[in-house]
Structure formats: C-alpha cells, structure tokens
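Below is data03.cif, holding mmCIF, C-alpha atoms, pLDDT in the B column; chains and numbers go by the auth columns.
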```cif
data_work
loop_
_atom_site.group_PDB
_atom_site.id
_atom_site.type_symbol
_atom_site.label_atom_id
_atom_site.label_comp_id
_atom_site.label_asym_id
_atom_site.label_seq_id
_atom_site.Cartn_x
_atom_site.Cartn_y
_atom_site.Cartn_z
_atom_site.B_iso_or_equiv
_atom_site.auth_seq_id
_atom_site.auth_asym_id
ATOM 1 C CA MET A 1 71.561 72.727 130.204 51.00 718 A
ATOM 2 C CA TYR A 2 73.306 73.656 126.969 47.00 719 A
ATOM 3 C CA HIS A 3 75.793 70.801 127.306 53.00 720 A
ATOM 4 C CA LEU A 4 72.978 68.388 128.046 45.00 721 A
ATOM 5 C CA GLU A 5 71.132 69.475 124.906 51.00 722 A
ATOM 6 C CA ARG A 6 74.282 68.954 122.825 54.00 723 A
ATOM 7 C CA ILE A 7 74.735 65.466 124.273 54.00 724 A
ATOM 8 C CA LEU A 8 71.114 64.554 123.575 50.00 725 A
ATOM 9 C CA ALA A 9 71.379 65.909 120.036 55.00 726 A
ATOM 10 C CA ASN A 10 74.321 63.601 119.317 62.00 727 A
ATOM 11 C CA ILE A 11 72.552 60.449 120.564 62.00 728 A
ATOM 12 C CA SER A 12 71.191 58.196 117.847 61.00 729 A
ATOM 13 C CA ASP A 13 67.760 56.584 117.982 59.00 730 A
ATOM 14 C CA GLU A 14 69.339 53.199 118.746 64.00 731 A
ATOM 15 C CA GLU A 15 71.389 54.640 121.609 59.00 732 A
ATOM 16 C CA ALA A 16 68.342 56.456 122.989 60.00 733 A
ATOM 17 C CA PHE A 17 66.335 53.220 122.880 64.00 734 A
ATOM 18 C CA ALA A 18 69.138 51.361 124.667 67.00 735 A
ATOM 19 C CA LEU A 19 69.280 54.063 127.358 69.00 736 A
ATOM 20 C CA VAL A 20 65.521 53.854 127.892 72.00 737 A
ATOM 21 C CA ILE A 21 65.679 50.053 128.249 80.00 738 A
ATOM 22 C CA PHE A 22 68.611 50.364 130.649 75.00 739 A
ATOM 23 C CA GLY A 23 66.754 53.015 132.683 76.00 740 A
ATOM 24 C CA ILE A 24 63.670 50.807 132.928 83.00 741 A
ATOM 25 C CA TYR A 25 65.842 47.897 134.076 78.00 742 A
ATOM 26 C CA VAL A 26 67.571 50.016 136.739 80.00 743 A
ATOM 27 C CA ILE A 27 64.244 51.363 138.032 86.00 744 A
ATOM 28 C CA TRP A 28 62.753 47.860 138.120 83.00 745 A
ATOM 29 C CA PHE A 29 65.803 46.511 139.968 79.00 746 A
ATOM 30 C CA LEU A 30 65.691 49.343 142.532 83.00 747 A
ATOM 31 C CA LEU A 31 61.967 48.806 143.115 84.00 748 A
ATOM 32 C CA PHE A 32 62.624 45.084 143.571 78.00 749 A
ATOM 33 C CA LEU A 33 65.339 45.761 146.163 83.00 750 A
ATOM 34 C CA ILE A 34 63.128 48.257 148.011 86.00 751 A
ATOM 35 C CA SER A 35 60.208 45.808 148.104 81.00 752 A
ATOM 36 C CA MET A 36 62.507 43.052 149.420 83.00 753 A
ATOM 37 C CA LEU A 37 63.859 45.389 152.106 88.00 754 A
ATOM 38 C CA ILE A 38 60.362 46.439 153.183 89.00 755 A
ATOM 39 C CA ARG A 39 59.211 42.820 153.384 89.00 756 A
ATOM 40 C CA HIS A 40 62.320 41.881 155.361 91.00 757 A
ATOM 41 C CA ILE A 41 61.728 44.662 157.895 94.00 758 A
ATOM 42 C CA LEU A 42 58.019 43.846 158.187 94.00 759 A
ATOM 43 C CA LEU A 43 58.946 40.264 159.067 96.00 760 A
ATOM 44 C CA ALA A 44 61.958 41.040 161.276 96.00 761 A
ATOM 45 C CA PHE A 45 60.161 43.002 164.001 97.00 762 A
ATOM 46 C CA PRO A 46 57.331 40.533 164.780 97.00 763 A
ATOM 47 C CA LEU A 47 59.716 37.582 164.456 97.00 764 A
ATOM 48 C CA TYR A 48 62.037 39.271 166.952 97.00 765 A
ATOM 49 C CA ILE A 49 59.114 39.676 169.370 97.00 766 A
ATOM 50 C CA MET A 50 58.159 36.020 168.929 97.00 767 A
ATOM 51 C CA ALA A 51 61.732 34.915 169.672 97.00 768 A
ATOM 52 C CA GLU A 52 61.887 37.203 172.724 96.00 769 A
ATOM 53 C CA LYS A 53 58.637 35.824 174.116 95.00 770 A
ATOM 54 C CA ALA A 54 59.851 32.270 173.549 95.00 771 A
ATOM 55 C CA GLY A 55 63.035 32.971 175.484 94.00 772 A
ATOM 56 C CA TYR A 56 65.379 32.293 172.566 96.00 773 A
ATOM 57 C CA ASN A 57 68.866 33.614 173.315 95.00 774 A
ATOM 58 C CA TYR A 58 69.513 35.199 169.913 96.00 775 A
ATOM 59 C CA PRO A 59 66.349 37.033 168.833 96.00 776 A
ATOM 60 C CA PHE A 60 68.432 39.616 166.917 96.00 777 A
ATOM 61 C CA LEU A 61 68.902 36.960 164.209 97.00 778 A
ATOM 62 C CA ALA A 62 65.406 37.900 163.087 96.00 779 A
ATOM 63 C CA PHE A 63 66.966 40.982 161.462 97.00 780 A
ATOM 64 C CA VAL A 64 69.666 39.026 159.584 96.00 781 A
ATOM 65 C CA PRO A 65 68.771 37.817 156.066 93.00 782 A
ATOM 66 C CA PHE A 66 68.401 34.018 155.868 94.00 783 A
ATOM 67 C CA ALA A 67 69.126 33.747 159.604 96.00 784 A
ATOM 68 C CA ASN A 68 65.547 34.954 160.115 97.00 785 A
ATOM 69 C CA TYR A 69 64.363 31.755 158.424 97.00 786 A
ATOM 70 C CA TYR A 70 66.548 29.801 160.836 97.00 787 A
ATOM 71 C CA VAL A 71 64.739 31.487 163.739 97.00 788 A
ATOM 72 C CA ALA A 72 61.366 30.715 162.161 97.00 789 A
ATOM 73 C CA HIS A 73 62.349 27.064 161.887 97.00 790 A
ATOM 74 C CA ILE A 74 63.658 26.490 165.403 96.00 791 A
ATOM 75 C CA LEU A 75 61.120 28.441 167.486 96.00 792 A
ATOM 76 C CA PRO A 76 58.571 25.630 167.154 94.00 793 A
ATOM 77 C CA ILE A 77 59.807 22.875 169.454 89.00 794 A
ATOM 78 C CA LYS A 78 57.579 20.227 167.901 90.00 795 A
ATOM 79 C CA GLU A 79 58.906 17.516 165.607 91.00 796 A
ATOM 80 C CA TYR A 80 59.737 18.788 162.134 95.00 797 A
ATOM 81 C CA SER A 81 58.084 16.798 159.359 95.00 798 A
ATOM 82 C CA TYR A 82 58.563 17.403 155.654 96.00 799 A
ATOM 83 C CA LEU A 83 55.456 15.858 154.086 91.00 800 A
ATOM 84 C CA GLY A 84 56.008 12.772 156.230 89.00 801 A
ATOM 85 C CA MET A 85 59.182 11.908 154.295 91.00 802 A
ATOM 86 C CA PHE A 86 61.676 13.510 156.668 92.00 803 A
ATOM 87 C CA ASN A 87 61.059 13.733 160.405 94.00 804 A
ATOM 88 C CA THR A 88 63.388 15.121 163.065 93.00 805 A
ATOM 89 C CA TYR A 89 63.416 16.986 166.366 90.00 806 A
ATOM 90 C CA ASP A 90 66.609 18.729 165.267 93.00 807 A
ATOM 91 C CA ARG A 91 64.715 21.533 163.630 94.00 808 A
ATOM 92 C CA TYR A 92 67.833 23.219 162.264 94.00 809 A
ATOM 93 C CA LYS A 93 67.906 20.341 159.760 96.00 810 A
ATOM 94 C CA GLY A 94 64.549 21.575 158.497 96.00 811 A
ATOM 95 C CA PHE A 95 66.136 24.977 157.941 97.00 812 A
ATOM 96 C CA TRP A 96 68.944 23.480 155.840 96.00 813 A
ATOM 97 C CA LEU A 97 66.426 21.437 153.876 96.00 814 A
ATOM 98 C CA TYR A 98 64.501 24.637 153.155 96.00 815 A
ATOM 99 C CA ILE A 99 67.659 26.483 152.030 96.00 816 A
ATOM 100 C CA CYS A 100 68.701 23.606 149.772 94.00 817 A
ATOM 101 C CA LEU A 101 65.291 23.265 148.143 93.00 818 A
ATOM 102 C CA LYS A 102 64.714 27.001 147.718 91.00 819 A
ATOM 103 C CA TYR A 103 68.189 28.158 146.701 91.00 820 A
ATOM 104 C CA VAL A 104 71.159 25.768 146.637 91.00 821 A
ATOM 105 C CA ILE A 105 69.786 23.041 144.363 90.00 822 A
ATOM 106 C CA ARG A 106 68.334 25.607 141.943 87.00 823 A
ATOM 107 C CA ILE A 107 71.681 27.356 141.628 86.00 824 A
ATOM 108 C CA VAL A 108 73.566 24.077 141.134 85.00 825 A
ATOM 109 C CA VAL A 109 71.091 22.859 138.504 81.00 826 A
ATOM 110 C CA SER A 110 71.184 26.200 136.658 80.00 827 A
ATOM 111 C CA ILE A 111 74.986 26.176 136.530 81.00 828 A
ATOM 112 C CA ALA A 112 75.079 22.550 135.368 76.00 829 A
ATOM 113 C CA LEU A 113 72.515 23.177 132.641 74.00 830 A
ATOM 114 C CA SER A 114 74.303 26.299 131.417 76.00 831 A
ATOM 115 C CA VAL A 115 77.574 24.358 131.152 72.00 832 A
ATOM 116 C CA PHE A 116 76.154 21.398 129.217 70.00 833 A
ATOM 117 C CA SER A 117 73.785 23.493 127.084 67.00 834 A
ATOM 118 C CA ILE A 118 76.697 24.361 124.776 69.00 835 A
ATOM 119 C CA ILE A 119 76.463 20.802 123.402 68.00 836 A
ATOM 120 C CA PRO A 120 73.967 21.157 120.497 67.00 837 A
ATOM 121 C CA ILE A 121 72.790 17.541 120.472 68.00 838 A
ATOM 122 C CA ILE A 122 71.583 17.456 124.064 69.00 839 A
ATOM 123 C CA SER A 123 70.692 21.135 124.591 66.00 840 A
ATOM 124 C CA ILE A 124 66.980 20.553 123.825 68.00 841 A
ATOM 125 C CA LEU A 125 66.783 17.551 126.144 70.00 842 A
ATOM 126 C CA LEU A 126 68.560 19.503 128.852 68.00 843 A
ATOM 127 C CA SER A 127 66.137 22.403 128.529 71.00 844 A
ATOM 128 C CA LEU A 128 63.193 20.026 128.970 73.00 845 A
ATOM 129 C CA PHE A 129 64.935 18.356 131.899 75.00 846 A
ATOM 130 C CA GLY A 130 65.686 21.737 133.466 73.00 847 A
ATOM 131 C CA TYR A 131 62.043 22.803 133.088 78.00 848 A
ATOM 132 C CA ALA A 132 60.843 19.622 134.819 82.00 849 A
ATOM 133 C CA VAL A 133 63.395 19.948 137.626 82.00 850 A
ATOM 134 C CA ASN A 134 62.440 23.605 138.112 84.00 851 A
ATOM 135 C CA LEU A 135 58.763 22.688 138.495 89.00 852 A
ATOM 136 C CA ILE A 136 59.640 20.012 141.047 91.00 853 A
ATOM 137 C CA LEU A 137 61.819 22.448 143.012 90.00 854 A
ATOM 138 C CA ILE A 138 59.107 25.113 142.961 92.00 855 A
ATOM 139 C CA PHE A 139 56.689 22.641 144.541 94.00 856 A
ATOM 140 C CA ALA A 140 59.269 21.235 146.980 95.00 857 A
ATOM 141 C CA GLY A 141 60.481 24.686 148.053 94.00 858 A
ATOM 142 C CA GLY A 142 56.928 25.960 148.386 95.00 859 A
ATOM 143 C CA ALA A 143 56.041 22.998 150.596 96.00 860 A
ATOM 144 C CA ALA A 144 59.089 23.663 152.784 96.00 861 A
ATOM 145 C CA LYS A 145 58.091 27.316 153.154 96.00 862 A
ATOM 146 C CA ALA A 146 54.482 26.436 154.009 97.00 863 A
ATOM 147 C CA ILE A 147 55.661 23.942 156.662 97.00 864 A
ATOM 148 C CA MET A 148 58.041 26.504 158.199 97.00 865 A
ATOM 149 C CA ILE A 149 55.296 29.122 158.499 97.00 866 A
ATOM 150 C CA SER A 150 52.554 26.725 159.637 96.00 867 A
ATOM 151 C CA ASP A 151 54.729 25.266 162.404 96.00 868 A
ATOM 152 C CA LEU A 152 55.701 28.747 163.585 97.00 869 A
ATOM 153 C CA LEU A 153 52.117 30.011 163.725 96.00 870 A
ATOM 154 C CA MET A 154 50.910 26.849 165.511 95.00 871 A
ATOM 155 C CA THR A 155 53.478 27.582 168.206 94.00 872 A
ATOM 156 C CA TYR A 156 51.577 30.771 169.040 94.00 873 A
ATOM 157 C CA ASP A 157 48.049 29.449 168.564 89.00 874 A
ATOM 158 C CA LYS A 158 47.608 25.670 168.768 82.00 875 A
ATOM 159 C CA ASN A 159 43.807 25.974 168.742 85.00 876 A
ATOM 160 C CA ASN A 160 43.683 27.087 165.107 88.00 877 A
ATOM 161 C CA LYS A 161 45.908 24.586 163.318 90.00 878 A
ATOM 162 C CA GLY A 162 43.761 24.707 160.193 92.00 879 A
ATOM 163 C CA LEU A 163 44.196 28.469 159.940 95.00 880 A
ATOM 164 C CA ALA A 164 47.948 28.172 160.477 95.00 881 A
ATOM 165 C CA ILE A 165 48.218 25.626 157.663 95.00 882 A
ATOM 166 C CA ALA A 166 46.053 27.751 155.371 96.00 883 A
ATOM 167 C CA LEU A 167 48.185 30.835 156.022 96.00 884 A
ATOM 168 C CA GLY A 168 51.336 28.806 155.397 96.00 885 A
ATOM 169 C CA VAL A 169 50.063 27.628 152.022 96.00 886 A
ATOM 170 C CA LEU A 170 48.734 31.077 151.109 96.00 887 A
ATOM 171 C CA SER A 171 52.101 32.670 151.907 95.00 888 A
ATOM 172 C CA VAL A 172 53.696 30.610 149.133 94.00 889 A
ATOM 173 C CA PHE A 173 51.617 32.538 146.606 95.00 890 A
ATOM 174 C CA ILE A 174 51.330 35.874 148.455 93.00 891 A
ATOM 175 C CA PRO A 175 54.646 36.663 150.237 90.00 892 A
ATOM 176 C CA LEU A 176 53.186 39.439 152.405 92.00 893 A
ATOM 177 C CA VAL A 177 50.931 36.917 154.160 95.00 894 A
ATOM 178 C CA PHE A 178 53.903 35.687 156.222 96.00 895 A
ATOM 179 C CA PRO A 179 54.959 39.012 157.814 96.00 896 A
ATOM 180 C CA ILE A 180 51.347 40.104 158.307 96.00 897 A
ATOM 181 C CA SER A 181 50.520 36.807 160.022 96.00 898 A
ATOM 182 C CA CYS A 182 53.548 37.213 162.290 96.00 899 A
ATOM 183 C CA MET A 183 52.375 40.720 163.219 96.00 900 A
ATOM 184 C CA VAL A 184 49.122 39.205 164.470 95.00 901 A
ATOM 185 C CA TYR A 185 50.567 36.084 166.129 96.00 902 A
ATOM 186 C CA CYS A 186 53.471 37.841 167.870 95.00 903 A
ATOM 187 C CA ARG A 187 50.974 39.257 170.382 93.00 904 A
ATOM 188 C CA LYS A 188 50.227 35.752 171.651 94.00 905 A
ATOM 189 C CA GLU A 189 52.041 33.543 174.173 93.00 906 A
ATOM 190 C CA PRO A 190 53.954 30.540 172.805 93.00 907 A
ATOM 191 C CA VAL A 191 52.352 27.189 173.599 91.00 908 A
ATOM 192 C CA PHE A 192 55.227 26.272 175.934 90.00 909 A
ATOM 193 C CA GLY A 193 54.881 29.522 177.908 89.00 910 A
ATOM 194 C CA PHE A 194 56.889 32.722 178.047 91.00 911 A
ATOM 195 C CA GLY A 195 60.640 32.172 178.186 90.00 912 A
ATOM 196 C CA ASN A 196 60.501 28.364 178.220 90.00 913 A
ATOM 197 C CA PHE A 197 62.206 27.670 174.885 92.00 914 A
ATOM 198 C CA TYR A 198 65.107 25.877 176.579 89.00 915 A
ATOM 199 C CA VAL A 199 63.074 24.151 179.299 83.00 916 A
ATOM 200 C CA PRO A 200 62.889 20.367 178.646 63.00 917 A
ATOM 201 C CA GLN A 201 59.304 19.133 178.711 67.00 918 A
ATOM 202 C CA ASN A 202 57.026 16.650 176.923 64.00 919 A
ATOM 203 C CA ILE A 203 57.164 18.620 173.707 66.00 920 A
ATOM 204 C CA GLN A 204 54.374 17.079 171.636 61.00 921 A
ATOM 205 C CA ASN A 205 51.801 17.654 174.408 68.00 922 A
ATOM 206 C CA TYR A 206 52.079 21.401 173.805 71.00 923 A
ATOM 207 C CA TYR A 207 50.678 21.024 170.283 72.00 924 A
ATOM 208 C CA GLU A 208 47.891 18.547 170.993 68.00 925 A
#
```

Would you give me this structure, written as structure tokens?
Amino acid sequence: MYHLERILANISDEEAFALVIFGIYVIWFLLFLISMLIRHILLAFPLYIMAEKAGYNYPFLAFVPFANYYVAHILPIKEYSYLGMFNTYDRYKGFWLYICLKYVIRIVVSIALSVFSIIPIISILLSLFGYAVNLILIFAGGAAKAIMISDLLMTYDKNNKGLAIALGVLSVFIPLVFPISCMVYCRKEPVFGFGNFYVPQNIQNYYE
C-alpha cells in the first residue's frame, strides 16, 4: 500500500488523465468482446439445432465464427436472391457475397483511402468519396444480412414469410433479434422435413 501511494504521488495530472482514458478504453473494449461472445453463443446453440434437424453433416460449424454465417446461408435450400440482382441455387455464393459486402470491401476501401489521404489536394474529395461508399456498403451489407436471416427463418416456418422478412430487417438494427428468433424457430421442423437437407426434391415447392 505504501509503495502504491508513493507511485500515485509521483504521477502528474496529465499522466493520471491519460491513465483514466486508457482504463476507460480497456473496460469498453472488454465489454465489447464479452457482448460479442455472448451474442455468438446465443446464436450458436439454436443454429446448431437447426442444422441438426435439417440433416446437415457439419452442424458444429454453428459454433465457429463466420462459419456460422455460412451455415445460416446454406440451410435454406431455396434459390438465393440478392434484391433480384443476383440469383443462384449455389447458396454458398450468397455467403461470400455477404462477407464481401460486410467486411472485405470495407477493409479494402479503408486501406485505399488511408494510403491516398496523405495527398493534400485530393484528401477532402477522398473523404467525401469514402463517406458515400461507406453509406452504400452499410445498406448493401444490411440487405445481405436481412436476406440471410429471412431465408433461414422461412425454412422453419413458410407460413409466416412476412414475419420472417420483418425479423430479418429488424435484426439489421437490433443484433439480438437474430439469435432470439433462432431460439424460437429452432423448435420447428424444416420445410423439407427432418434430415432431408441432402435429399434432391423440387426445392421451390417447399417454400410456396
């Protein structure tokens, strides 16, 4: 205690302020990590159950970060459609589109802007361009997330498509909506029946 008092007595006001700011940052960062971990766990368990009921061979991927979004994308066996601009039955392509829109393109754009921002003449134009691109990516990534969630929920309740779409859109603004929705929907049977994920059938009829 004595040594601690001596250390505190020798700290200037500026150093004390810096320590307080650093402490606040560390606490905020730890709380952020804890909240992300809790959300991940809350989603992993119901998503695992959904994959098990569907008959997917690798349901444990629901517990792996980012791979859980892959599971959420491929469990629906219906055609993937991104706002009518990109349609495919290879639903893993929808997963890669989601990853690119949500993460990859943002990182690439941020790095590019930071590199060219050192040029004084175009730094202002680049900042405006970056702001516009960021807004576009927020919308595009949010749409991809809403589609992923809506398609997944429709796979476990085709009679309430409107609710599934609403929950998908709401989850963009309230992240906890996704895991909570999965907790409710994981109790239901997939539209193609228990364990029939790999059974070839007339796919679109399941969702009509």

Which residues come within 10 Å of Tyr799 in chain A, counting all atoms listed in the file, excluding same-chain residues fewer than 6 positions away, as a PyMOL selection string?
chain A and resi 805+811+814-815+857+860-861+864-865

Using all atoms listed in the file, which residue out of A:Ile741, A:Met802, A:Leu854, A:Leu887 lies closest to Leu818 in chain A?
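The answer is A:Leu854, which sits nearest to Leu818 in chain A.
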
Shell around range 869-881 of chain A at 12 Å using all atoms listed in the file, local window under 2 positions removed, as a ChimeraX atom specification
/A:763-764,766-768,770-771,786-797,808,862-867,883-888,894-911,914,920-925

note - CA of Tyr765 in chain A and CA of Pro782 in chain A are separated by 12.9 Å

Counting all atoms listed in the file, which residue out of A:Phe762, A:Phe890, A:Trp813, A:Tyr848 sits closest to Phe783 in chain A?
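Distance minimum relative to Phe783 in chain A lands on A:Trp813.
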
Separation of CA of Ile855 in chain A from CA of Ile755 in chain A, in Å and rounded to one decimal
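Those two atoms sit 23.7 Å apart.
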
Distance criterion (only C-alpha atoms): nearest to Ile891 in chain A out of A:Ile824, A:Leu800, A:Gly859, A:Asn785
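The closest residue to Ile891 in chain A is A:Gly859.
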
Could you please determine the separation between CA of Ile882 in chain A and CA of Phe780 in chain A in Å, to one decimal place?
24.5 Å
